[in-house]
file protein_6.cif (mmCIF, C-alpha atoms)
data_structure
#
loop_
_atom_site.label_atom_id
_atom_site.label_comp_id
_atom_site.auth_asym_id
_atom_site.auth_seq_id
_atom_site.Cartn_x
_atom_site.Cartn_y
_atom_site.Cartn_z
CA MET A 71 0.43 -17.35 16.85
CA ALA A 72 -2.35 -15.61 18.74
CA THR A 73 -3.59 -12.07 19.22
CA ASN A 74 -5.89 -10.50 21.77
CA ARG A 75 -7.82 -8.38 19.29
CA ARG A 76 -11.00 -10.04 18.07
CA PRO A 77 -11.54 -9.21 14.39
CA PHE A 78 -14.09 -6.52 13.61
CA VAL A 79 -16.13 -8.98 11.56
CA ALA A 80 -15.93 -12.10 13.74
CA ASP A 81 -19.40 -11.83 15.25
CA ARG A 82 -20.98 -11.50 11.80
CA ALA A 83 -18.79 -13.88 9.86
CA ASN A 84 -21.24 -16.75 9.63
CA ASP A 85 -24.10 -14.53 8.47
CA LEU A 86 -21.91 -12.85 5.84
CA VAL A 87 -20.70 -16.18 4.48
CA GLU A 88 -24.26 -17.44 4.35
CA GLN A 89 -25.34 -14.33 2.43
CA PHE A 90 -22.37 -13.80 0.11
CA GLY A 91 -20.50 -17.11 0.00
CA SER A 92 -17.03 -18.27 0.98
CA PRO A 93 -14.28 -17.22 0.76
CA LEU A 94 -15.13 -13.54 1.13
CA TYR A 95 -13.17 -10.33 1.61
CA VAL A 96 -14.77 -7.87 4.02
CA PHE A 97 -13.76 -4.22 4.40
CA ASP A 98 -14.98 -1.87 7.11
CA GLU A 99 -15.80 1.73 6.16
CA ALA A 100 -15.77 2.93 9.78
CA ARG A 101 -12.25 1.60 10.32
CA LEU A 102 -10.99 3.09 7.07
CA ARG A 103 -12.28 6.50 8.14
CA GLU A 104 -10.89 6.17 11.64
CA ASN A 105 -7.47 5.13 10.28
CA TYR A 106 -7.42 8.24 8.11
CA ARG A 107 -8.62 10.50 10.96
CA SER A 108 -6.04 9.18 13.41
CA LEU A 109 -3.19 9.62 10.92
CA ARG A 110 -4.41 13.13 10.07
CA ALA A 111 -4.61 13.99 13.77
CA ALA A 112 -1.06 12.73 14.36
CA LEU A 113 0.20 14.89 11.49
CA ASP A 114 -1.70 17.89 12.86
CA ASP A 115 0.08 17.36 16.17
CA HIS A 116 3.59 16.95 14.78
CA TYR A 117 3.74 18.52 11.29
CA PRO A 118 0.51 20.31 10.34
CA ASP A 119 1.67 21.54 6.92
CA SER A 120 1.22 18.13 5.35
CA ARG A 121 -0.90 16.07 2.99
CA ILE A 122 -1.81 12.36 2.97
CA HIS A 123 -1.59 10.67 -0.43
CA TYR A 124 -3.04 7.16 -0.07
CA ALA A 125 -0.87 4.58 -1.88
CA VAL A 126 -3.40 3.09 -4.29
CA LYS A 127 -1.33 -0.08 -4.77
CA ALA A 128 -2.22 -1.25 -1.26
CA ASN A 129 -5.87 -1.77 -2.23
CA TYR A 130 -7.31 -0.34 -5.42
CA ASN A 131 -10.87 -1.53 -4.96
CA LEU A 132 -13.13 1.33 -6.00
CA GLY A 133 -15.24 1.04 -2.86
CA VAL A 134 -12.19 1.35 -0.60
CA LEU A 135 -10.78 4.19 -2.70
CA SER A 136 -14.09 6.04 -2.54
CA VAL A 137 -14.17 5.89 1.26
CA LEU A 138 -10.66 7.31 1.57
CA ARG A 139 -11.34 10.00 -1.02
CA ASP A 140 -14.48 11.00 0.87
CA ALA A 141 -12.52 11.03 4.14
CA GLY A 142 -10.11 13.61 2.70
CA ALA A 143 -7.16 11.67 1.33
CA ALA A 144 -5.31 12.50 -1.86
CA ALA A 145 -3.85 9.62 -3.88
CA GLU A 146 -0.47 8.25 -4.93
CA ALA A 147 -0.56 6.13 -8.09
CA PHE A 148 2.49 4.12 -9.13
CA ALA A 149 1.03 2.77 -12.37
CA SER A 150 -1.32 3.98 -15.08
CA CYS A 151 -4.22 1.76 -14.07
CA GLU A 152 -3.82 2.82 -10.44
CA ARG A 153 -4.26 6.38 -11.66
CA THR A 154 -7.32 5.29 -13.65
CA ALA A 155 -8.77 3.58 -10.56
CA ALA A 156 -8.24 6.72 -8.45
CA LEU A 157 -10.00 8.88 -11.03
CA ASP A 158 -12.82 6.34 -11.38
CA ALA A 159 -13.26 6.56 -7.60
CA GLY A 160 -13.71 10.32 -7.84
CA PHE A 161 -10.31 11.69 -6.86
CA ASP A 162 -9.59 15.12 -8.31
CA PRO A 163 -6.74 14.63 -10.86
CA ALA A 164 -4.87 17.49 -9.18
CA ASP A 165 -4.86 15.40 -5.98
CA VAL A 166 -3.17 12.42 -7.66
CA LEU A 167 0.61 12.17 -7.33
CA LEU A 168 1.94 10.02 -10.17
CA THR A 169 4.94 7.92 -9.17
CA GLY A 170 6.62 4.99 -10.99
CA GLN A 171 9.98 4.40 -12.62
CA ASN A 172 9.30 3.12 -16.15
CA ARG A 173 6.38 5.06 -17.58
CA THR A 174 5.75 5.45 -21.28
CA ARG A 175 5.42 8.87 -22.80
CA GLU A 176 1.86 7.95 -23.82
CA SER A 177 0.86 7.12 -20.25
CA VAL A 178 2.38 10.35 -18.92
CA GLU A 179 0.61 12.35 -21.62
CA ALA A 180 -2.69 10.68 -20.68
CA ALA A 181 -2.13 11.60 -17.03
CA LEU A 182 -1.29 15.21 -17.86
CA ASN A 183 -4.28 15.50 -20.18
CA ALA A 184 -6.47 14.14 -17.36
CA GLY A 185 -5.27 16.93 -15.06
CA VAL A 186 -2.50 15.29 -13.01
CA ASP A 187 -0.09 18.08 -12.07
CA ARG A 188 2.69 16.47 -10.06
CA LEU A 189 4.92 13.51 -10.91
CA LEU A 190 7.80 11.69 -9.34
CA VAL A 191 11.10 11.39 -11.23
CA ASP A 192 13.03 8.23 -10.32
CA ASN A 193 15.76 8.40 -12.97
CA GLU A 194 17.13 10.52 -15.80
CA THR A 195 15.13 8.69 -18.47
CA GLU A 196 11.93 9.45 -16.56
CA LEU A 197 12.76 13.14 -16.49
CA GLU A 198 13.15 13.16 -20.25
CA THR A 199 9.86 11.28 -20.64
CA VAL A 200 8.02 13.80 -18.46
CA ARG A 201 9.62 16.75 -20.28
CA ALA A 202 8.56 15.38 -23.66
CA ALA A 203 5.03 14.60 -22.46
CA ALA A 204 4.68 18.06 -20.92
CA ALA A 205 5.77 19.73 -24.13
CA ALA A 206 3.35 17.60 -26.14
CA THR A 207 0.41 18.45 -23.88
CA ASP A 208 1.28 22.11 -23.35
CA THR A 209 1.41 21.65 -19.58
CA ARG A 210 4.07 22.43 -16.98
CA PRO A 211 3.82 19.80 -14.24
CA GLY A 212 5.73 19.79 -11.03
CA VAL A 213 8.32 17.07 -10.46
CA LEU A 214 9.73 15.54 -7.30
CA VAL A 215 13.20 14.01 -7.59
CA ARG A 216 13.41 10.67 -5.80
CA GLY A 217 16.64 10.35 -3.87
CA ASN A 218 18.30 7.28 -2.40
CA PRO A 219 20.51 7.89 0.65
CA ALA A 220 21.61 4.22 0.83
CA MET A 221 20.34 3.42 4.32
CA GLU A 222 20.28 0.34 6.49
CA LEU A 223 16.63 -0.42 7.26
CA PRO A 224 14.84 -2.57 9.88
CA THR A 225 12.51 -4.45 7.56
CA HIS A 226 12.55 -7.35 5.10
CA PRO A 227 14.98 -6.73 2.20
CA ASP A 228 12.21 -7.24 -0.37
CA ILE A 229 10.30 -4.22 0.94
CA ALA A 230 13.23 -1.94 1.78
CA THR A 231 13.45 0.72 -0.93
CA ALA A 232 16.10 3.22 0.23
CA THR A 233 19.05 0.85 0.52
CA ARG A 234 22.24 0.87 -1.54
CA GLU A 235 21.07 -2.23 -3.45
CA SER A 236 17.60 -0.91 -4.26
CA LYS A 237 16.41 -0.31 -7.82
CA PHE A 238 14.54 2.78 -6.62
CA GLY A 239 15.69 6.37 -6.52
CA LEU A 240 18.78 8.29 -7.54
CA ASP A 241 21.95 7.85 -5.53
CA ILE A 242 22.63 11.00 -3.52
CA GLU A 243 26.20 10.30 -2.43
CA SER A 244 27.55 9.94 -5.98
CA GLY A 245 25.88 13.12 -7.22
CA ARG A 246 23.49 11.36 -9.62
CA ALA A 247 20.44 12.73 -7.83
CA LEU A 248 21.78 16.26 -7.92
CA THR A 249 22.54 15.97 -11.65
CA VAL A 250 18.90 15.10 -12.39
CA ALA A 251 17.65 17.84 -10.06
CA ARG A 252 19.85 20.34 -11.88
CA ARG A 253 18.39 19.30 -15.23
CA ALA A 254 14.85 19.49 -13.87
CA ALA A 255 15.50 22.99 -12.54
CA ALA A 256 16.80 24.10 -15.95
CA ALA A 257 13.97 22.56 -17.96
CA GLU A 258 11.28 24.93 -19.20
CA ALA A 259 8.66 22.19 -19.59
CA VAL A 260 8.56 21.25 -15.89
CA ARG A 261 8.95 22.92 -12.53
CA LEU A 262 11.10 21.43 -9.80
CA ASP A 263 8.76 21.25 -6.81
CA GLY A 264 10.56 19.03 -4.37
CA VAL A 265 12.32 15.83 -3.39
CA GLN A 266 11.00 12.41 -2.47
CA LEU A 267 12.15 9.30 -0.66
CA HIS A 268 10.35 6.12 0.30
CA VAL A 269 12.22 4.12 2.89
CA GLY A 270 10.18 0.93 2.43
CA SER A 271 7.30 -0.92 4.03
CA GLN A 272 6.76 -2.04 7.63
CA ILE A 273 9.62 0.04 9.02
CA THR A 274 9.72 -1.17 12.60
CA ALA A 275 11.54 1.76 14.22
CA ALA A 276 11.10 5.54 14.18
CA GLU A 277 14.75 6.56 13.84
CA PRO A 278 15.14 5.59 10.14
CA TYR A 279 12.61 8.31 9.31
CA ALA A 280 14.79 10.86 11.08
CA VAL A 281 17.90 9.65 9.24
CA ALA A 282 16.03 9.80 5.93
CA ALA A 283 14.59 13.26 6.62
CA ARG A 284 17.98 14.72 7.46
CA ALA A 285 19.44 13.22 4.27
CA MET A 286 16.65 14.63 2.11
CA VAL A 287 16.80 18.10 3.65
CA GLU A 288 20.56 18.09 3.07
CA PHE A 289 19.82 17.09 -0.55
CA ALA A 290 17.33 19.96 -0.82
CA ALA A 291 20.00 22.35 0.49
CA ALA A 292 22.44 21.10 -2.15
CA ILE A 293 19.80 21.72 -4.84
CA ARG A 294 19.32 25.27 -3.58
CA ASP A 295 23.06 25.92 -3.50
CA GLU A 296 23.53 24.44 -7.00
CA THR A 297 20.47 25.79 -8.80
CA GLY A 298 18.95 28.55 -6.69
CA VAL A 299 15.67 26.61 -6.49
CA GLU A 300 14.24 26.47 -2.98
CA ILE A 301 12.41 23.19 -2.45
CA ASP A 302 8.76 23.59 -1.42
CA VAL A 303 7.78 19.92 -1.00
CA LEU A 304 9.35 17.06 0.94
CA ASP A 305 7.70 13.71 0.22
CA MET A 306 8.73 11.04 2.74
CA GLY A 307 6.71 8.18 1.25
CA GLY A 308 4.96 5.69 3.50
CA GLY A 309 6.07 2.58 5.35
CA PHE A 310 4.28 3.31 8.63
CA PRO A 311 3.93 -0.15 10.18
CA VAL A 312 0.90 -2.03 11.42
CA ALA A 313 0.90 -4.84 13.96
CA TYR A 314 0.39 -8.36 12.67
CA ASP A 315 2.04 -10.50 15.34
CA ASP A 316 4.64 -8.18 16.91
CA ALA A 317 4.36 -4.72 18.41
CA VAL A 318 5.34 -1.79 16.18
CA PRO A 319 6.03 1.89 16.90
CA ALA A 320 2.96 4.09 17.22
CA THR A 321 2.40 6.27 14.18
CA GLY A 322 2.39 9.35 16.40
CA ASP A 323 5.87 8.47 17.70
CA VAL A 324 7.13 7.99 14.13
CA LEU A 325 5.68 11.33 13.01
CA GLU A 326 7.01 13.14 16.07
CA THR A 327 10.50 11.83 15.29
CA LEU A 328 10.09 12.71 11.62
CA GLY A 329 8.77 16.22 12.28
CA ASP A 330 11.55 17.02 14.76
CA ALA A 331 14.16 15.81 12.27
CA ILE A 332 12.77 17.93 9.43
CA ARG A 333 12.64 21.08 11.53
CA GLY A 334 16.12 20.51 12.95
CA ALA A 335 17.64 19.84 9.53
CA CYS A 336 15.94 22.86 7.96
CA ASP A 337 17.27 25.05 10.76
CA ALA A 338 20.77 23.64 10.28
CA HIS A 339 20.72 24.32 6.53
CA ASP A 340 18.86 27.65 6.74
CA LEU A 341 15.91 26.32 4.72
CA PRO A 342 12.23 27.15 5.17
CA GLU A 343 10.23 24.18 6.37
CA PRO A 344 8.71 22.46 3.32
CA ARG A 345 5.25 21.02 2.95
CA LEU A 346 5.36 17.34 3.94
CA LEU A 347 3.71 14.68 1.81
CA VAL A 348 3.27 11.12 3.06
CA GLU A 349 2.16 8.08 1.05
CA PRO A 350 0.68 5.53 3.47
CA GLY A 351 -1.01 2.42 2.14
CA ARG A 352 -0.88 -0.42 4.66
CA ARG A 353 -1.37 1.99 7.58
CA LEU A 354 -4.76 3.07 6.22
CA VAL A 355 -6.26 -0.19 4.98
CA ALA A 356 -4.61 -3.26 6.55
CA GLU A 357 -6.66 -3.40 9.77
CA ALA A 358 -9.86 -2.55 7.90
CA GLY A 359 -9.92 -5.81 5.95
CA ALA A 360 -10.50 -9.49 6.70
CA LEU A 361 -10.86 -12.67 4.70
CA LEU A 362 -13.57 -15.12 5.71
CA ALA A 363 -12.92 -18.74 4.81
CA THR A 364 -14.56 -22.06 5.59
CA VAL A 365 -12.97 -25.22 6.97
CA GLY A 366 -13.40 -28.11 4.55
CA VAL A 367 -11.08 -30.69 6.09
CA VAL A 368 -9.53 -31.22 9.50
CA LYS A 369 -6.61 -33.55 8.97
CA ASP A 370 -4.53 -35.13 11.71
CA THR A 371 -0.96 -36.11 10.80
CA PRO A 372 1.98 -37.28 12.91
CA HIS A 373 3.47 -33.84 12.35
CA ALA A 374 0.52 -31.51 13.02
CA ASP A 375 -3.22 -31.05 12.85
CA PHE A 376 -4.20 -29.24 9.66
CA ALA A 377 -7.29 -27.11 9.19
CA ILE A 378 -7.67 -26.87 5.43
CA LEU A 379 -9.70 -23.90 4.22
CA ASP A 380 -11.37 -23.01 0.94
CA ALA A 381 -8.94 -20.05 0.68
CA GLY A 382 -5.23 -20.34 0.10
CA SER A 383 -2.13 -18.20 0.38
CA ASN A 384 -2.77 -16.93 -3.15
CA LEU A 385 -5.51 -14.75 -1.64
CA VAL A 386 -3.55 -13.24 1.26
CA GLY A 387 0.17 -13.76 0.74
CA HIS A 388 2.51 -14.81 3.53
CA TRP A 389 2.28 -12.10 6.19
CA PRO A 390 1.75 -13.24 9.80
CA TYR A 391 -1.95 -12.42 9.80
CA PRO A 392 -3.88 -13.06 13.03
CA ILE A 393 -6.33 -15.94 12.52
CA HIS A 394 -9.46 -16.52 14.57
CA ALA A 395 -12.42 -18.86 14.61
CA ALA A 396 -15.67 -17.03 13.97
CA ARG A 397 -17.35 -18.80 16.86
CA GLY A 398 -16.13 -18.33 20.39
CA GLY A 399 -14.83 -20.89 22.81
CA PRO A 400 -11.52 -21.71 24.46
CA ALA A 401 -8.54 -21.81 22.11
CA ASN A 402 -7.42 -25.26 23.22
CA ARG A 403 -6.12 -26.75 19.96
CA ARG A 404 -3.21 -25.91 17.69
CA TYR A 405 -3.63 -26.09 13.93
CA HIS A 406 -1.56 -25.49 10.86
CA VAL A 407 -4.07 -23.40 8.91
CA ALA A 408 -3.65 -24.25 5.23
CA GLY A 409 -5.24 -23.65 1.88
CA PRO A 410 -6.34 -26.16 -0.77
CA LEU A 411 -3.69 -25.38 -3.39
CA CYS A 412 -1.33 -27.94 -4.87
CA TYR A 413 1.92 -26.87 -3.28
CA SER A 414 3.26 -27.55 0.20
CA GLY A 415 3.91 -23.89 0.92
CA ASP A 416 0.19 -23.16 0.88
CA VAL A 417 0.07 -22.75 4.66
CA LEU A 418 -1.30 -19.50 6.03
CA ALA A 419 0.07 -19.98 9.54
CA GLU A 420 1.43 -22.75 11.75
CA ASP A 421 0.50 -23.65 15.32
CA VAL A 422 -2.48 -21.30 15.52
CA GLU A 423 -4.35 -21.58 18.81
CA LEU A 424 -8.06 -22.03 18.00
CA PRO A 425 -11.13 -23.76 19.38
CA GLU A 426 -11.61 -27.30 18.09
CA LEU A 427 -12.63 -26.97 14.44
CA SER A 428 -15.00 -29.02 12.31
CA ARG A 429 -16.01 -29.03 8.68
CA GLY A 430 -18.10 -25.95 7.92
CA ASP A 431 -16.63 -23.71 10.61
CA VAL A 432 -15.80 -20.19 9.47
CA VAL A 433 -12.33 -18.82 10.08
CA VAL A 434 -11.35 -15.13 9.98
CA VAL A 435 -7.96 -14.15 8.55
CA ASP A 436 -7.61 -10.66 9.98
CA ARG A 437 -5.84 -7.47 8.87
CA VAL A 438 -5.66 -8.39 5.18
CA GLY A 439 -6.87 -5.03 3.88
CA ALA A 440 -3.49 -4.20 2.34
CA TYR A 441 -2.09 -6.10 -0.64
CA ALA A 442 -4.33 -9.17 -0.28
CA LEU A 443 -7.09 -8.31 -2.73
CA SER A 444 -4.75 -6.34 -5.01
CA GLY A 445 -2.20 -9.17 -5.05
CA ALA A 446 -4.56 -12.15 -5.21
CA SER A 447 -3.83 -14.66 -7.97
CA ASN A 448 -5.73 -17.42 -9.75
CA THR A 449 -3.40 -20.25 -8.75
CA ASN A 450 -4.91 -23.65 -9.65
CA ALA A 451 -7.46 -21.70 -11.73
CA THR A 452 -9.10 -20.55 -8.51
CA PRO A 453 -11.64 -17.76 -8.99
CA ARG A 454 -10.98 -14.79 -6.74
CA PRO A 455 -13.55 -14.05 -4.00
CA ALA A 456 -16.21 -11.41 -3.82
CA ALA A 457 -15.64 -8.41 -1.56
CA VAL A 458 -18.13 -6.52 0.57
CA LEU A 459 -17.86 -3.17 2.32
CA LEU A 460 -19.62 -2.64 5.64
CA ASP A 461 -20.93 0.92 5.64
CA GLY A 462 -21.15 3.22 8.66
CA TYR A 463 -24.31 1.44 9.81
CA GLY A 464 -22.76 -1.99 9.39
CA ASP A 465 -24.79 -2.82 6.29
CA PRO A 466 -22.86 -4.86 3.69
CA HIS A 467 -22.47 -3.73 0.08
CA VAL A 468 -20.86 -5.81 -2.65
CA VAL A 469 -17.84 -3.89 -3.95
CA ARG A 470 -16.38 -6.71 -6.04
CA GLU A 471 -18.27 -9.52 -7.70
CA ARG A 472 -17.09 -13.10 -7.22
CA GLU A 473 -15.20 -14.44 -10.21
CA THR A 474 -16.39 -17.50 -12.11
CA CYS A 475 -14.50 -20.17 -14.03
CA ALA A 476 -15.55 -18.41 -17.23
CA ASP A 477 -13.83 -15.21 -16.02
CA LEU A 478 -10.49 -17.01 -15.83
CA THR A 479 -10.39 -17.79 -19.56
CA ARG A 480 -12.42 -14.84 -20.82
CA HIS A 481 -9.45 -13.26 -22.57
CA ASP A 482 -7.94 -16.49 -23.91
CA VAL A 483 -8.03 -17.20 -27.64
CA VAL A 484 -7.80 -20.66 -29.19
CA PRO A 485 -5.89 -20.59 -32.52
CA GLY A 486 -8.11 -21.36 -35.48
CA HIS A 487 -6.32 -24.53 -36.44
CA LEU A 488 -7.04 -25.98 -32.98
CA SER A 489 -10.70 -25.01 -32.82
CA GLU A 490 -13.32 -27.68 -33.23
#
call {"tool": "encode", "arguments": {"input": "protein_6.cif", "output": "structure tokens"}}
result
Amino acid sequence: MATNRRPFVADRANDLVEQFGSPLYVFDEARLRENYRSLRAALDDHYPDSRIHYAVKANYNLGVLSVLRDAGAAAEAFASCERTAALDAGFDPADVLLTGQNRTRESVEAALNAGVDRLLVDNETELETVRAAAAATDTRPGVLVRGNPAMELPTHPDIATATRESKFGLDIESGRALTVARRAAAAEAVRLDGVQLHVGSQITAAEPYAVAARAMVEFAAAIRDETGVEIDVLDMGGGFPVAYDDAVPATGDVLETLGDAIRGACDAHDLPEPRLLVEPGRRLVAEAGALLATVGVVKDTPHADFAILDAGSNLVGHWPYPIHAARGGPANRRYHVAGPLCYSGDVLAEDVELPELSRGDVVVVDRVGAYALSGASNTNATPRPAAVLLDGYGDPHVVRERETCADLTRHDVVPGHLSE
């Protein structure tokens, strides 16, 4: 696997490792801002009445969140601590869309008391939870009903969320979604603001967005016909893809297709065009992050040459991330780039074309800004790395301290009868 794009941090990788240690996550403020600006510009071209709610789950580091908040993004928080992180990073509570599908009444009450004003409803139980929390807090939040049009989607099944088999959303075809929308419209404690759908992640074609938009506008028309409530908000989730090893549709092409589909469907159903919400995560942060790691062992086997790093797959997952050597030179060797963990699947990528590597060389695992830091684990009791943010001048700032061995057992308790 090879890519022509040299990572944003490659020329500084050795200096950063020397200063902050290895392995090390690096995020780039300039790229985060540019990713937001380019997405905002594409929306302005194709559907100006819209709002970007950054999906906090993609990377909930407070430094990253603060950059996106300052750039103009609102936030989408699936879980209570994601909401807490967004507020800690300075997001206005009114700009936080609370999603999720199994929230406690206490957590919803805490969100409403904090000033959150719009929540997703994924199922009938959630609607009852939100109604009870709203009554208890003397608020009247808006709700978006999450529909599921049971689509076929061009992505991995694990990250497709609008399919017939998905646990997410309310089935539209059977009438379950309309039943919940009817109850939301009749409830005094909430207001029915709109409908929502999230097709999934890394959707590698534009047309599924058009199919989804037409289905959701048709759902909105059914709500109007059934309840008299005219939907003001259409939330189409995220899923805009980024390129790891294969080409993906340009975001502008996806949004053009989506905007045309919304307008056409609204015209067909005699509906006013709603405000569009989108919930991108990966699209905003993936290309603005890299993991720096150091080669500890170069191991020749009859099967392959292995470059074994001080960072394993527990820190980045198993996406086809581009991998580069920090130093230049002709890529004339092929390596299986692996981590040090005690399972055979701890291989970041196979047959990576790199310059000849030696112990101490720094390797850049590129485009890890989404889901790497937030999903990193402590496999083999491995402390998680520090993270730095390069500001607009290129100066590094620590935005996450490196864990220590003591951090891994800080919350453990030895029963009294086993204590020395």
call {"tool": "residues_around", "arguments": {"input": "protein_6.cif", "residues": "range 411-425 of chain A", "least_positions_apart": "3", "cutoff": "10 Å", "atoms": "all atoms listed in the file", "output": "PyMOL selection string"}}
result
chain A and resi 71-73+374-408+428+433+435+449-452
call {"tool": "resolve_selection", "arguments": {"input": "protein_6.cif", "expression": "the PyMOL selection byres ((chain A and resi 169-178) around 6)", "output": "PyMOL selection string"}}
result
chain A and resi 147-148+168+179-181+189-190+192+199+203
call {"tool": "resolve_selection", "arguments": {"input": "protein_6.cif", "expression": "the PyMOL selection byres ((chain A and resi 475) around 12)", "output": "list in words"}}
result
Asn448, Asn450, Ala451, Thr452, Pro453, Arg454, Pro455, Arg472, Glu473, Thr474, Ala476, Asp477, Leu478, Thr479 and Arg480 of chain A
call {"tool": "atom_distance", "arguments": {"input": "protein_6.cif", "atom1": "CA of Ser92 in chain A", "atom2": "CA of Ala313 in chain A"}}
result
25.9 Å
call {"tool": "residues_around", "arguments": {"input": "protein_6.cif", "residues": "Glu146 in chain A", "least_positions_apart": "2", "cutoff": "8 Å", "atoms": "only C-alpha atoms", "output": "number ranges by chain"}}
result
A: 123-126, 144, 148, 153, 166-169, 349
call {"tool": "residues_around", "arguments": {"input": "protein_6.cif", "residues": "Ala83 in chain A", "least_positions_apart": "6", "cutoff": "12 Å", "atoms": "all atoms listed in the file", "output": "PyMOL selection string"}}
result
chain A and resi 76-77+89-96+360-364+394-398+431-436+458+466
call {"tool": "residues_around", "arguments": {"input": "protein_6.cif", "residues": "range 277-281 of chain A", "least_positions_apart": "5", "cutoff": "12 Å", "atoms": "only C-alpha atoms", "output": "ChimeraX atom specification"}}
result
/A:218-225,230,232-233,267-272,286-288,305-310,319,321,323-335,348
call {"tool": "resolve_selection", "arguments": {"input": "protein_6.cif", "expression": "the PyMOL selection byres ((chain A and resi 105) around 10)", "output": "MDAnalysis selection string"}}
result
chainID A and resid 99:104 106:111 138 141 353:358
call {"tool": "closest_residue", "arguments": {"input": "protein_6.cif", "among": "A:Leu182, A:Thr274, A:Val299, A:Thr249", "to": "Asp316 in chain A", "atoms": "all atoms listed in the file"}}
result
A:Thr274
call {"tool": "atom_distance", "arguments": {"input": "protein_6.cif", "atom1": "CA of Asn131 in chain A", "atom2": "CA of Ala112 in chain A"}}
result
25.9 Å
call {"tool": "closest_atom_pairs", "arguments": {"input": "protein_6.cif", "of": "range 79-194 of chain A", "to": "range 338-345 of chain A", "cutoff": "10 Å", "atoms": "only C-alpha atoms", "output": "CSV"}}
result
residue,atom,partner,partner_atom,distance
A:Tyr117,CA,A:Arg345,CA,8.8
A:Pro118,CA,A:Arg345,CA,8.8
A:Asp119,CA,A:Arg345,CA,5.4
A:Ser120,CA,A:Arg345,CA,5.5
A:Arg121,CA,A:Arg345,CA,7.9
call {"tool": "atom_distance", "arguments": {"input": "protein_6.cif", "atom1": "CA of Tyr441 in chain A", "atom2": "CA of His116 in chain A"}}
result
28.3 Å
call {"tool": "closest_residue", "arguments": {"input": "protein_6.cif", "among": "A:Arg284, A:Glu194, A:Asp98, A:Thr209", "to": "Ala247 in chain A", "atoms": "only C-alpha atoms"}}
result
A:Glu194
call {"tool": "closest_residue", "arguments": {"input": "protein_6.cif", "among": "A:Thr371, A:Ala128, A:Tyr314, A:Ala290", "to": "Pro350 in chain A", "atoms": "all atoms listed in the file"}}
result
A:Ala128
call {"tool": "closest_residue", "arguments": {"input": "protein_6.cif", "among": "A:Val468, A:Glu258, A:Ser489, A:Phe97", "to": "Glu198 in chain A", "atoms": "all atoms listed in the file"}}
result
A:Glu258
call {"tool": "closest_residue", "arguments": {"input": "protein_6.cif", "among": "A:Glu490, A:Glu243, A:Asp461, A:Asp302", "to": "Leu346 in chain A", "atoms": "only C-alpha atoms"}}
result
A:Asp302
call {"tool": "residues_around", "arguments": {"input": "protein_6.cif", "residues": "Ala440 in chain A", "least_positions_apart": "3", "cutoff": "8 Å", "atoms": "all atoms listed in the file", "output": "VMD selection string"}}
result
chain A and resid 128 to 129 351 to 352 355 to 356 359 437 443 to 444
